[in-house]
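Data block for entry_25.cif (mmCIF, C-alpha atoms):
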data_entry
#
loop_
_atom_site.label_atom_id
_atom_site.label_comp_id
_atom_site.auth_asym_id
_atom_site.auth_seq_id
_atom_site.Cartn_x
_atom_site.Cartn_y
_atom_site.Cartn_z
CA MET U 1 -22.14 -14.30 -1.93
CA ARG U 2 -20.11 -14.16 1.23
CA ALA U 3 -17.70 -11.72 -0.41
CA ASP U 4 -20.62 -9.51 -1.44
CA ILE U 5 -21.88 -9.35 2.12
CA THR U 6 -18.39 -8.43 3.37
CA LEU U 7 -18.02 -5.71 0.79
CA THR U 8 -21.38 -4.06 1.36
CA TYR U 9 -21.38 -4.29 5.15
CA ARG U 10 -21.17 -0.92 6.86
CA ARG U 11 -21.22 -0.14 10.54
CA PRO U 12 -23.98 2.25 11.68
CA SER U 13 -21.37 4.90 12.53
CA GLN U 14 -19.86 4.56 9.05
CA ALA U 15 -23.30 4.80 7.45
CA SER U 16 -23.90 8.07 9.33
CA LEU U 17 -20.96 9.65 7.57
CA GLY U 18 -21.03 11.00 4.04
CA THR U 19 -18.12 11.84 1.75
CA TYR U 20 -17.32 15.04 3.65
CA GLY U 21 -17.49 13.14 6.94
CA HIS U 22 -15.04 10.49 5.79
CA LEU U 23 -12.71 13.15 4.43
CA ALA U 24 -12.96 15.01 7.73
CA ILE U 25 -12.05 11.83 9.62
CA PHE U 26 -9.03 11.39 7.34
CA GLY U 27 -8.09 15.05 7.84
CA TRP U 28 -8.44 14.59 11.60
CA VAL U 29 -6.14 11.54 11.47
CA LEU U 30 -3.61 13.50 9.41
CA GLY U 31 -3.77 16.45 11.83
CA MET U 32 -3.41 14.20 14.86
CA ILE U 33 -0.23 12.52 13.63
CA MET U 34 1.35 15.48 11.89
CA LEU U 35 0.82 18.11 14.58
CA THR U 36 2.03 16.03 17.52
CA SER U 37 5.54 15.09 18.49
CA GLY U 38 7.40 13.01 21.07
CA TYR U 39 5.46 10.36 22.92
CA VAL U 40 2.20 12.25 22.28
CA VAL U 41 2.33 10.80 18.75
CA ILE U 42 1.87 7.33 20.18
CA VAL U 43 -1.14 8.46 22.23
CA ALA U 44 -2.55 10.23 19.17
CA GLY U 45 -1.93 7.13 17.06
CA VAL U 46 -3.73 4.86 19.52
CA LEU U 47 -6.65 7.30 19.60
CA CYS U 48 -6.82 7.40 15.79
CA LEU U 49 -6.72 3.61 15.56
CA SER U 50 -9.45 3.29 18.20
CA VAL U 51 -11.71 5.71 16.31
CA SER U 52 -11.00 3.82 13.07
CA ALA U 53 -11.90 0.53 14.74
CA LEU U 54 -15.16 2.07 15.99
CA ILE U 55 -16.19 3.47 12.62
CA TYR U 56 -14.86 1.08 9.98
CA PRO U 57 -15.11 -2.71 9.77
CA ASN U 58 -11.77 -4.61 9.52
CA PRO U 59 -9.63 -1.48 9.60
CA PHE U 60 -6.32 -3.26 10.23
CA ARG U 61 -6.60 -5.95 7.55
CA ARG U 62 -4.29 -4.41 5.01
CA ILE U 63 -1.51 -3.25 7.32
CA LEU U 64 -0.78 -6.84 8.33
CA ARG U 65 0.57 -7.64 4.88
CA TRP U 66 4.27 -8.41 4.49
CA ARG U 67 4.69 -5.60 2.00
CA TRP U 68 3.69 -2.88 4.46
CA LEU U 69 5.68 -4.43 7.28
CA ILE U 70 8.83 -4.45 5.10
CA TRP U 71 8.16 -0.83 4.09
CA MET U 72 7.77 0.12 7.73
CA LEU U 73 11.00 -1.64 8.70
CA LEU U 74 12.82 0.15 5.88
CA LEU U 75 11.63 3.46 7.34
CA VAL U 76 12.26 2.66 10.98
CA VAL U 77 15.42 0.50 11.22
CA PRO U 78 17.93 3.03 9.76
CA THR U 79 16.70 5.63 12.27
CA ILE U 80 17.43 3.31 15.21
CA PHE U 81 21.04 2.85 14.15
CA PHE U 82 21.92 6.15 12.43
CA LEU U 83 20.24 8.78 14.60
CA GLY U 84 21.97 9.89 17.81
CA GLU U 85 24.62 8.10 19.84
CA HIS U 86 24.61 4.34 20.43
CA ASP U 87 23.89 4.43 24.14
CA SER U 88 21.87 1.24 24.70
CA VAL U 89 22.43 -2.46 24.15
CA PHE U 90 19.90 -5.17 23.32
CA ALA U 91 21.02 -8.80 22.82
CA GLY U 92 24.57 -7.64 22.19
CA VAL U 93 23.54 -5.07 19.55
CA THR U 94 24.15 -1.42 20.35
CA TYR U 95 21.52 1.09 19.30
CA SER U 96 20.50 4.69 19.88
CA SER U 97 17.66 5.22 22.36
CA GLU U 98 16.89 8.56 20.70
CA GLY U 99 16.73 6.75 17.34
CA LEU U 100 14.41 4.13 18.83
CA THR U 101 12.04 6.85 20.07
CA VAL U 102 11.99 8.55 16.68
CA GLY U 103 11.65 5.16 14.97
CA LEU U 104 8.61 4.33 17.09
CA GLN U 105 7.02 7.65 16.16
CA ILE U 106 7.68 6.98 12.47
CA ALA U 107 6.16 3.50 12.76
CA VAL U 108 3.03 4.87 14.46
CA ARG U 109 2.63 7.61 11.86
CA PHE U 110 3.11 5.11 9.03
CA ILE U 111 0.55 2.65 10.40
CA VAL U 112 -2.03 5.35 11.16
CA LEU U 113 -1.60 6.98 7.77
CA ILE U 114 -1.94 3.72 5.82
CA ILE U 115 -5.01 2.69 7.81
CA GLY U 116 -6.59 6.16 7.49
CA LEU U 117 -6.10 6.21 3.74
CA GLN U 118 -7.31 2.66 3.37
CA ASN U 119 -10.47 3.41 5.32
CA LEU U 120 -11.11 6.54 3.27
CA THR U 121 -10.79 4.74 -0.08
CA ARG U 122 -12.96 1.86 1.11
CA ALA U 123 -15.69 4.17 2.42
CA VAL U 124 -15.79 6.77 -0.35
CA ASP U 125 -16.54 5.66 -3.89
CA ILE U 126 -14.63 6.96 -6.86
CA SER U 127 -17.56 8.96 -8.33
CA SER U 128 -18.04 10.84 -5.05
CA MET U 129 -14.36 11.74 -5.04
CA ALA U 130 -14.59 12.93 -8.64
CA GLY U 131 -17.74 14.91 -7.81
CA LEU U 132 -15.97 16.55 -4.91
CA LEU U 133 -12.99 17.58 -7.04
CA GLU U 134 -15.40 18.89 -9.69
CA ARG U 135 -16.87 21.23 -7.11
CA PHE U 136 -13.36 22.51 -6.44
CA GLY U 137 -12.74 23.67 -10.00
CA LEU U 138 -11.82 20.53 -11.92
CA HIS U 139 -14.88 20.67 -14.20
CA GLY U 140 -15.57 17.50 -16.16
CA LEU U 141 -13.43 15.35 -13.88
CA GLY U 142 -16.38 13.12 -13.03
CA PHE U 143 -17.00 12.43 -16.71
CA ALA U 144 -13.28 11.92 -17.37
CA VAL U 145 -12.93 9.50 -14.45
CA GLY U 146 -16.01 7.63 -15.66
CA VAL U 147 -14.47 7.33 -19.13
CA ALA U 148 -11.16 6.31 -17.55
CA LEU U 149 -12.79 3.51 -15.56
CA ASN U 150 -14.62 2.40 -18.67
CA LEU U 151 -11.39 2.36 -20.65
CA LEU U 152 -9.25 0.64 -18.03
CA PRO U 153 -9.97 -3.04 -18.80
CA ALA U 154 -10.08 -2.51 -22.57
CA LEU U 155 -6.77 -0.66 -22.51
CA GLU U 156 -5.08 -3.27 -20.39
CA THR U 157 -6.16 -6.01 -22.81
CA SER U 158 -5.11 -3.95 -25.82
CA ALA U 159 -1.70 -3.16 -24.26
CA VAL U 160 -1.03 -6.82 -23.47
CA GLN U 161 -2.07 -7.86 -26.99
CA ALA U 162 0.16 -5.22 -28.59
CA TRP U 163 3.08 -6.35 -26.41
CA TYR U 164 2.68 -10.03 -27.35
CA THR U 165 2.22 -9.20 -31.02
CA LEU U 166 5.41 -7.16 -31.04
CA LYS U 167 7.29 -9.87 -29.16
CA MET U 168 6.06 -12.71 -31.38
CA ARG U 169 7.05 -10.84 -34.52
CA GLY U 170 10.54 -10.26 -33.19
CA GLY U 171 10.03 -6.53 -32.80
CA LEU U 172 12.37 -6.34 -29.85
CA ARG U 173 15.29 -8.37 -31.28
CA ARG U 174 16.78 -5.52 -33.25
CA GLN U 175 16.12 -1.80 -32.89
CA ARG U 176 14.67 -2.23 -29.42
CA TRP U 177 14.16 1.47 -28.89
CA ARG U 178 12.19 1.69 -32.13
CA GLY U 179 10.20 -1.36 -31.06
CA CYS U 180 9.31 0.30 -27.76
CA GLN U 181 8.27 3.48 -29.56
CA LEU U 182 6.01 1.49 -31.90
CA LEU U 183 4.51 -0.32 -28.92
CA VAL U 184 3.64 2.97 -27.23
CA ILE U 185 2.23 4.38 -30.48
CA THR U 186 0.05 1.28 -31.02
CA ILE U 187 -1.31 1.34 -27.48
CA ILE U 188 -2.10 5.05 -27.56
CA THR U 189 -3.66 4.85 -31.05
CA ASN U 190 -5.97 2.04 -29.92
CA ALA U 191 -6.86 4.01 -26.80
CA LEU U 192 -7.59 7.17 -28.77
CA LYS U 193 -9.85 5.23 -31.14
CA ARG U 194 -11.81 3.98 -28.19
CA ALA U 195 -11.95 7.50 -26.71
CA GLU U 196 -13.26 8.81 -30.02
CA GLU U 197 -16.12 6.30 -29.84
CA VAL U 198 -16.91 7.30 -26.26
CA SER U 199 -16.91 11.02 -27.02
CA LEU U 200 -19.06 10.49 -30.11
CA ALA U 201 -21.56 8.54 -28.01
CA ALA U 202 -21.57 11.30 -25.38
CA GLU U 203 -22.07 14.02 -27.98
CA MET U 204 -24.86 12.04 -29.63
CA ARG U 205 -26.64 12.19 -26.29
CA ALA U 206 -26.06 15.96 -26.21
CA PHE U 207 -23.66 15.70 -23.29
CA SER U 208 -21.75 18.85 -22.48
CA PRO U 209 -19.36 19.06 -19.52
CA GLU U 210 -20.24 22.71 -18.98
CA LYS U 211 -23.96 22.03 -18.67
CA SER U 212 -23.78 18.73 -16.85
CA ARG U 213 -24.32 18.58 -13.13
CA PRO U 214 -21.39 17.42 -11.01
CA PHE U 215 -21.55 13.88 -9.63
CA PRO U 216 -23.67 13.69 -6.46
CA ILE U 217 -21.86 13.51 -3.15
CA GLU U 218 -23.11 11.21 -0.43
CA GLN U 219 -24.07 13.10 2.73
CA GLY U 220 -24.54 11.88 6.28
CA PRO U 221 -25.99 13.31 9.49
CA LEU U 222 -22.61 13.27 11.25
CA ASP U 223 -20.73 15.12 8.49
CA ARG U 224 -20.83 18.54 10.11
CA ALA U 225 -19.93 17.18 13.52
CA SER U 226 -16.88 15.38 12.12
CA ILE U 227 -15.79 18.46 10.16
CA GLY U 228 -16.13 20.55 13.33
CA LEU U 229 -14.14 17.99 15.31
CA MET U 230 -11.39 17.99 12.68
CA ILE U 231 -11.11 21.79 12.58
CA LEU U 232 -11.18 22.09 16.38
CA THR U 233 -8.53 19.39 16.87
CA CYS U 234 -6.25 20.90 14.24
CA ILE U 235 -6.56 24.40 15.74
CA VAL U 236 -5.87 23.16 19.28
CA LEU U 237 -2.93 21.01 18.19
CA ALA U 238 -1.50 23.81 16.04
CA LEU U 239 -1.73 26.23 18.99
CA VAL U 240 -0.08 23.71 21.34
CA HIS U 241 2.58 23.06 18.70
CA LEU U 242 3.30 26.79 18.30
CA LEU U 243 3.30 27.56 22.01
CA MET Z 1 -9.99 24.88 -16.50
CA LYS Z 2 -12.86 23.88 -18.80
CA PHE Z 3 -12.44 21.25 -21.47
CA THR Z 4 -14.73 20.02 -24.23
CA THR Z 5 -16.13 16.47 -24.24
CA ARG Z 6 -13.52 15.30 -26.73
CA GLU Z 7 -10.70 16.86 -24.82
CA LEU Z 8 -11.94 15.24 -21.62
CA THR Z 9 -12.02 11.79 -23.21
CA THR Z 10 -8.53 12.33 -24.62
CA LEU Z 11 -7.28 13.40 -21.19
CA ALA Z 12 -8.99 10.36 -19.68
CA VAL Z 13 -7.08 8.12 -22.10
CA PHE Z 14 -3.72 9.54 -21.07
CA GLY Z 15 -4.70 9.53 -17.40
CA VAL Z 16 -5.61 5.84 -17.68
CA LEU Z 17 -2.33 5.07 -19.41
CA TRP Z 18 -0.36 6.73 -16.63
CA GLY Z 19 -2.57 5.00 -14.06
CA ILE Z 20 -1.96 1.60 -15.68
CA VAL Z 21 1.79 2.18 -15.66
CA GLU Z 22 1.67 3.08 -11.95
CA MET Z 23 -0.62 0.22 -11.00
CA SER Z 24 1.10 -2.55 -12.94
CA LEU Z 25 4.73 -1.62 -13.56
CA GLY Z 26 4.91 0.43 -10.36
CA THR Z 27 3.86 -2.48 -8.18
CA VAL Z 28 6.32 -4.82 -9.91
CA LEU Z 29 9.27 -2.42 -9.72
CA LYS Z 30 8.63 -1.56 -6.08
CA SER Z 31 8.16 -5.22 -5.11
CA LEU Z 32 11.41 -6.25 -6.81
CA ASN Z 33 13.22 -3.25 -5.29
CA ILE Z 34 14.66 -2.24 -8.68
CA PRO Z 35 17.13 0.68 -8.44
CA PHE Z 36 15.74 4.08 -9.41
CA SER Z 37 12.26 2.61 -9.80
CA GLY Z 38 10.69 5.94 -8.76
CA ALA Z 39 12.61 7.81 -11.45
CA VAL Z 40 11.77 5.20 -14.10
CA LEU Z 41 8.09 5.37 -13.21
CA ALA Z 42 8.13 9.16 -13.18
CA SER Z 43 9.79 9.29 -16.60
CA ILE Z 44 7.29 6.87 -18.16
CA GLY Z 45 4.36 8.67 -16.55
CA LEU Z 46 5.58 12.08 -17.63
CA THR Z 47 6.16 10.83 -21.17
CA VAL Z 48 2.50 9.79 -21.31
CA ALA Z 49 1.32 13.05 -19.73
CA MET Z 50 3.35 15.21 -22.08
CA ILE Z 51 2.10 13.30 -25.14
CA GLY Z 52 -1.34 14.10 -23.76
CA ARG Z 53 -0.31 17.76 -23.61
CA LEU Z 54 0.44 17.64 -27.33
CA TYR Z 55 -3.07 16.34 -27.96
CA VAL Z 56 -4.83 18.79 -25.65
CA PRO Z 57 -2.60 21.86 -25.80
CA ARG Z 58 -4.27 23.88 -23.09
CA ARG Z 59 -3.33 25.10 -19.67
CA GLY Z 60 -4.14 22.54 -17.00
CA SER Z 61 -4.26 19.50 -19.25
CA THR Z 62 -1.08 17.89 -17.85
CA LEU Z 63 -2.29 18.43 -14.29
CA PHE Z 64 -5.70 16.99 -15.22
CA ILE Z 65 -4.02 13.84 -16.55
CA GLY Z 66 -2.05 13.60 -13.30
CA VAL Z 67 -5.22 13.97 -11.21
CA ILE Z 68 -6.93 11.13 -13.13
CA ALA Z 69 -3.86 8.89 -12.70
CA THR Z 70 -3.75 9.75 -8.97
CA ILE Z 71 -7.42 8.87 -8.49
CA LEU Z 72 -6.92 5.55 -10.28
CA LYS Z 73 -3.84 4.81 -8.17
CA LEU Z 74 -5.71 5.81 -5.00
CA PHE Z 75 -8.50 3.35 -5.67
CA SER Z 76 -6.35 0.53 -7.07
CA LEU Z 77 -6.35 -2.71 -5.12
CA GLY Z 78 -3.39 -3.12 -2.81
CA GLY Z 79 -1.76 0.03 -4.05
CA ILE Z 80 -2.56 2.48 -1.29
CA ILE Z 81 0.52 4.32 -0.23
CA ILE Z 82 0.88 8.05 -0.01
CA GLY Z 83 4.27 8.33 -1.75
CA PRO Z 84 3.25 7.41 -5.30
CA MET Z 85 0.13 9.57 -5.09
CA VAL Z 86 2.03 12.64 -3.93
CA GLY Z 87 4.64 11.78 -6.56
CA ILE Z 88 2.18 11.61 -9.47
CA LEU Z 89 0.48 14.86 -8.49
CA SER Z 90 3.74 16.73 -7.90
CA GLU Z 91 5.32 15.54 -11.14
CA ALA Z 92 2.21 16.52 -13.09
CA LEU Z 93 2.15 19.91 -11.35
CA ILE Z 94 5.83 20.58 -12.10
CA ALA Z 95 5.42 19.61 -15.77
CA GLU Z 96 2.27 21.73 -15.96
CA LEU Z 97 4.01 24.77 -14.47
CA VAL Z 98 7.00 24.48 -16.79
CA LEU Z 99 4.90 23.95 -19.91
CA SER Z 100 2.48 26.75 -19.00
CA LEU Z 101 5.11 29.27 -17.95
CA LEU Z 102 7.60 28.80 -20.76
CA GLY Z 103 5.09 29.82 -23.41
CA GLN Z 104 5.58 28.67 -27.00
CA PRO Z 105 6.09 24.91 -26.66
CA ARG Z 106 9.29 23.44 -28.00
CA ARG Z 107 11.09 20.17 -27.67
CA ARG Z 108 13.46 21.81 -25.17
CA TRP Z 109 10.60 22.86 -22.89
CA PHE Z 110 9.40 19.28 -22.89
CA VAL Z 111 12.91 18.17 -21.97
CA ILE Z 112 13.05 20.71 -19.12
CA ALA Z 113 9.60 19.71 -17.88
CA GLY Z 114 10.57 16.03 -17.97
CA SER Z 115 13.90 16.62 -16.22
CA LEU Z 116 12.43 18.69 -13.41
CA GLY Z 117 9.50 16.31 -13.01
CA VAL Z 118 11.74 13.26 -12.71
CA ALA Z 119 14.20 15.12 -10.45
CA TRP Z 120 11.29 15.57 -8.02
CA ALA Z 121 11.37 11.78 -7.45
CA MET Z 122 14.74 12.35 -5.76
CA ALA Z 123 13.64 15.40 -3.77
CA GLN Z 124 10.26 14.04 -2.67
CA PRO Z 125 11.44 12.03 0.39
CA PHE Z 126 12.93 15.24 1.82
CA VAL Z 127 9.46 16.79 1.79
CA THR Z 128 7.08 13.92 2.52
CA ASN Z 129 9.09 11.96 5.08
CA PRO Z 130 9.59 14.80 7.60
CA LEU Z 131 6.09 16.11 6.98
CA LEU Z 132 4.15 12.85 7.16
CA PHE Z 133 6.32 10.48 9.17
CA GLY Z 134 8.32 12.93 11.26
CA ARG Z 135 11.67 11.64 10.01
CA SER Z 136 14.57 14.04 10.32
CA LEU Z 137 16.19 15.41 7.19
CA VAL Z 138 19.48 13.86 8.29
CA SER Z 139 18.06 10.35 8.36
CA VAL Z 140 16.46 10.87 4.92
CA TRP Z 141 19.82 12.13 3.64
CA LEU Z 142 21.63 9.10 5.14
CA ASN Z 143 19.06 6.75 3.68
CA MET Z 144 19.51 8.30 0.25
CA LEU Z 145 23.29 8.02 0.51
CA ASP Z 146 23.00 4.40 1.57
CA GLN Z 147 20.71 3.63 -1.38
CA GLY Z 148 22.96 5.50 -3.81
CA SER Z 149 26.02 3.70 -2.48
CA ARG Z 150 24.39 0.30 -3.01
CA TYR Z 151 23.07 1.13 -6.47
CA LEU Z 152 26.22 2.80 -7.77
CA GLY Z 153 28.80 0.69 -5.93
CA ILE Z 154 30.51 3.75 -4.42
CA ASP Z 155 31.54 4.05 -0.78
CA THR Z 156 29.29 6.29 1.33
CA SER Z 157 32.30 8.49 2.23
CA ALA Z 158 32.13 9.91 -1.32
CA ALA Z 159 28.77 11.53 -0.50
CA TRP Z 160 28.88 14.35 -3.03
CA ILE Z 161 29.86 12.03 -5.88
CA ILE Z 162 26.90 9.80 -5.07
CA VAL Z 163 24.52 12.77 -4.93
CA VAL Z 164 25.82 14.31 -8.14
CA LEU Z 165 25.60 10.96 -9.96
CA MET Z 166 22.07 10.42 -8.70
CA ILE Z 167 21.01 13.89 -9.83
CA VAL Z 168 22.59 13.28 -13.25
CA ILE Z 169 20.78 9.94 -13.59
CA HIS Z 170 17.44 11.52 -12.67
CA LEU Z 171 17.95 14.45 -15.04
CA ALA Z 172 19.04 12.09 -17.83
CA LEU Z 173 15.92 9.97 -17.38
CA GLY Z 174 13.79 13.12 -17.42
CA THR Z 175 15.53 14.35 -20.56
CA VAL Z 176 14.79 11.06 -22.29
CA ALA Z 177 11.17 11.34 -21.12
CA GLY Z 178 10.76 14.85 -22.56
CA TRP Z 179 12.51 14.01 -25.79
CA ALA Z 180 10.54 10.77 -26.22
CA ALA Z 181 7.26 12.53 -25.46
CA TRP Z 182 7.88 15.11 -28.15
CA ARG Z 183 9.04 12.55 -30.71
CA ILE Z 184 6.32 9.96 -30.03
CA GLY Z 185 3.69 12.69 -29.86
CA GLN Z 186 4.66 14.06 -33.25
CA GLU Z 187 4.76 10.60 -34.82
CA LEU Z 188 1.48 9.66 -33.22
CA GLN Z 189 -0.19 12.76 -34.56
CA SER Z 190 1.12 12.16 -38.05
CA ARG Z 191 0.01 8.52 -37.94
CA THR Z 192 -3.45 9.27 -36.65
CA GLY Z 193 -3.86 11.95 -39.28
CA LYS Z 194 -3.82 14.84 -36.87
CA LYS Z 195 -1.44 17.67 -37.45
CA PRO Z 196 0.59 18.93 -34.50
CA THR Z 197 -1.75 21.23 -32.63
CA TYR Z 198 0.76 22.74 -30.25
CA THR Z 199 1.14 26.12 -31.91
CA ALA Z 200 0.96 29.63 -30.55
CA SER Z 201 -2.63 30.09 -31.69
CA THR Z 202 -3.94 27.08 -29.78
CA ILE Z 203 -2.32 27.56 -26.40
CA GLU Z 204 -5.17 29.42 -24.80
CA GLN Z 205 -8.02 28.18 -26.98
CA PRO Z 206 -9.90 24.90 -27.05
CA SER Z 207 -8.26 22.33 -29.29
CA LYS Z 208 -9.64 22.31 -32.83
CA GLN Z 209 -8.12 18.99 -33.77
CA TYR Z 210 -11.36 17.03 -33.93
CA GLU Z 211 -13.57 19.74 -35.30
CA GLY Z 212 -14.75 19.68 -38.89
#

For the file at hand, write its structure as C-alpha cells.
Amino acid sequence: MRADITLTYRRPSQASLGTYGHLAIFGWVLGMIMLTSGYVVIVAGVLCLSVSALIYPNPFRRILRWRWLIWMLLLVVPTIFFLGEHDSVFAGVTYSSEGLTVGLQIAVRFIVLIIGLQNLTRAVDISSMAGLLERFGLHGLGFAVGVALNLLPALETSAVQAWYTLKMRGGLRRQRWRGCQLLVITIITNALKRAEEVSLAAEMRAFSPEKSRPFPIEQGPLDRASIGLMILTCIVLALVHLL
Amino acid sequence: MKFTTRELTTLAVFGVLWGIVEMSLGTVLKSLNIPFSGAVLASIGLTVAMIGRLYVPRRGSTLFIGVIATILKLFSLGGIIIGPMVGILSEALIAELVLSLLGQPRRRWFVIAGSLGVAWAMAQPFVTNPLLFGRSLVSVWLNMLDQGSRYLGIDTSAAWIIVVLMIVIHLALGTVAGWAAWRIGQELQSRTGKKPTYTASTIEQPSKQYEG
C-alpha cells in the first residue's frame, strides 16, 4: 500500500505538466548541459538539479546507487590523470588541474543527464511516448509497443524454459553452436506463435493500424510555457556559445 | 512507414527479443565488466533485428524493431543510461540504411549490415562522450587504448595494433551476427512453414507471408 502511494504521488508542479512539458524539461536540461562550457556547466547543472527537485519527487534516488557512482568514476578519473600536465599535488599524488576541471564538468553532466532521463521516464508513461512517436511518423508504434509489453513476461518465461530444457537434455555438451541456434529458433518460434494469436485477436476485432487513432498524449497547463522556456534557453545559449 | 497488423505484431516480437537481451544480458555483462560487452550485445541484438527483417521485408522494419527495443530499454527498471539507448537506435539505423540501400537482399548484405552495426559500438564513445559529457576526443581515445591494452594484453605503446585488433574483433562479431541472422532466419522460416519472403518482388510491398 505504501509502495502504491509512493508510486502515484505527484507534486502539483509535476501534475501541471503533460508529456510535451516533461519532454521540454528534459530538452531544457540537455540544452543547459550541452551548450555550456567551463565553470558555467556547474552553475547550469545546479540550476537543472534545483528545477528537478522542485518538479519531481525523489529526483536523486537513483544516482546514489553504486553502479552509477562507479560509472561516473570511470568517466572522470582518467581525465584527471591523462589530460594536461600534472601541475598539482594532493596527498602525495600528482594530478592535472585542467583535467580536474574537465572531470568536474563531466561528472556534473553525467549526474544531470541521468537524473533528467530518470525523471522523464518516471513522469511519462510508455503509451504516451508511443503515441508521441506515432504522431511523428511511426504509425502503429503504439499498438506494437502494447503487444511488446504484453509479450514481455510470456517471452521471458518461454526463453528460460527453452534454455533449461536444452541444458537438461545435454544440448550444449556437443555441437554448442548448433545448440545455441536451436535455442534461438525455439524462442523465436514460440514468440511468433504468440504474436499470431495476438494479431488474430486484433483482426477479429477489426483493428487496423491505419484507421486506429494514435495513443492519447497527456497534456498539462504548463506545457507551452515549458516548451517556450526550452526554446528560449537553447537559442540564448547557442548564441552565447557561437559568439 | 505503414505496416499491417500482422507485420506490427511480428516486429513487436523481434523488438521484445532485442529488448530482453539488452535488459537481462546487457545488465549482467555491464555489471561484470566483460570485455567487448557492447560489441557482443550489438551483435546479438542485430542478429535478432535482421531475422525480423527477413520476416517483414520492408523498408523501415529494422529501425522499427530498434525503436521498440529502445523504448523497452528506456522504461526498464534500473537500466536508464543514455549509451545503450543511443547504441540500439544507431545500430538499428545503420543496419536499416545498409539493407535498404543495397537493394536485393543477400547474405553478404546482412554480413555488411551486421559488421557496420557492431563497429558502431566502437565508434559510439567518440560521438556521445564529447557531445553529452564534454569529454575531449583525446581522453576518449586514451580510454579506448587503455581498455584495449587490458583486454588484449598488449602494451599501450602499440596503439595502432590495439586499434586494428579491436576493429577486427568488432567486424568479426558483426560478420557472425549477419551470417547467423541469415542462416537462422532461413531455418526458422522453413521450420515455421513460411517460405523466405525476402525477394525482389516483396521489398517495397507489404509482406504476403500470412495471407491466404

Using all atoms listed in the file, find which residues of chain Z lie within 9 Å of chain U and jot them down as a ChimeraX atom specification. /Z:1-17,19-20,31,64,67-68,71-72,74-75,78,80-82,131-136,138-139,142-143,180,184-185,187-188,191-192

Region 106-113 of chain Z surroundings by all atoms listed in the file, 10 Å radius, close-in-sequence under 4 positions cut, as a PyMOL selection string: chain Z and resi 46-47+50-51+53+91-102+117-119+171-183+198-199

Since we have the selection now, will you write its residues out, keeping C-alpha atoms, as a PDB file, in the frame of the given file?
ATOM      1  CA  LEU Z  46       5.580  12.080 -17.630  1.00  0.00           C
ATOM      2  CA  THR Z  47       6.160  10.830 -21.170  1.00  0.00           C
ATOM      3  CA  MET Z  50       3.350  15.210 -22.080  1.00  0.00           C
ATOM      4  CA  ILE Z  51       2.100  13.300 -25.140  1.00  0.00           C
ATOM      5  CA  ARG Z  53      -0.310  17.760 -23.610  1.00  0.00           C
ATOM      6  CA  GLU Z  91       5.320  15.540 -11.140  1.00  0.00           C
ATOM      7  CA  ALA Z  92       2.210  16.520 -13.090  1.00  0.00           C
ATOM      8  CA  LEU Z  93       2.150  19.910 -11.350  1.00  0.00           C
ATOM      9  CA  ILE Z  94       5.830  20.580 -12.100  1.00  0.00           C
ATOM     10  CA  ALA Z  95       5.420  19.610 -15.770  1.00  0.00           C
ATOM     11  CA  GLU Z  96       2.270  21.730 -15.960  1.00  0.00           C
ATOM     12  CA  LEU Z  97       4.010  24.770 -14.470  1.00  0.00           C
ATOM     13  CA  VAL Z  98       7.000  24.480 -16.790  1.00  0.00           C
ATOM     14  CA  LEU Z  99       4.900  23.950 -19.910  1.00  0.00           C
ATOM     15  CA  SER Z 100       2.480  26.750 -19.000  1.00  0.00           C
ATOM     16  CA  LEU Z 101       5.110  29.270 -17.950  1.00  0.00           C
ATOM     17  CA  LEU Z 102       7.600  28.800 -20.760  1.00  0.00           C
ATOM     18  CA  GLY Z 117       9.500  16.310 -13.010  1.00  0.00           C
ATOM     19  CA  VAL Z 118      11.740  13.260 -12.710  1.00  0.00           C
ATOM     20  CA  ALA Z 119      14.200  15.120 -10.450  1.00  0.00           C
ATOM     21  CA  LEU Z 171      17.950  14.450 -15.040  1.00  0.00           C
ATOM     22  CA  ALA Z 172      19.040  12.090 -17.830  1.00  0.00           C
ATOM     23  CA  LEU Z 173      15.920   9.970 -17.380  1.00  0.00           C
ATOM     24  CA  GLY Z 174      13.790  13.120 -17.420  1.00  0.00           C
ATOM     25  CA  THR Z 175      15.530  14.350 -20.560  1.00  0.00           C
ATOM     26  CA  VAL Z 176      14.790  11.060 -22.290  1.00  0.00           C
ATOM     27  CA  ALA Z 177      11.170  11.340 -21.120  1.00  0.00           C
ATOM     28  CA  GLY Z 178      10.760  14.850 -22.560  1.00  0.00           C
ATOM     29  CA  TRP Z 179      12.510  14.010 -25.790  1.00  0.00           C
ATOM     30  CA  ALA Z 180      10.540  10.770 -26.220  1.00  0.00           C
ATOM     31  CA  ALA Z 181       7.260  12.530 -25.460  1.00  0.00           C
ATOM     32  CA  TRP Z 182       7.880  15.110 -28.150  1.00  0.00           C
ATOM     33  CA  ARG Z 183       9.040  12.550 -30.710  1.00  0.00           C
ATOM     34  CA  TYR Z 198       0.760  22.740 -30.250  1.00  0.00           C
ATOM     35  CA  THR Z 199       1.140  26.120 -31.910  1.00  0.00           C
TER      36      THR Z 199
END

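What separates CA of Leu222 (chain U) from CA of Gly21 (chain U) is a distance of 6.7 Å.
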
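Remark: for Leu25 (chain Z), the closest of the candidate residues Z:Leu41, Z:Ile154, Z:Leu116, Z:Val164 is Z:Leu41 (distances computed over all atoms listed in the file).
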
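One finds CA of Met122 (chain Z) at 7.6 Å from CA of Ala39 (chain Z).
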
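Between CA of Leu166 (chain U) and CA of Leu183 (chain U) there is a distance of 7.2 Å.
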
When you count only C-alpha atoms, which of these residues is closest to Ser37 (chain Z): Z:Trp141, Z:Val56, Z:Ile169, Z:Ser115? Z:Ile169

Return as a PyMOL selection string the set of residues that the PyMOL selection byres ((chain U and resi 49) around 10) yields on the displayed structure. chain U and resi 29+43-48+50-55+59-60+108+111-113+115-116
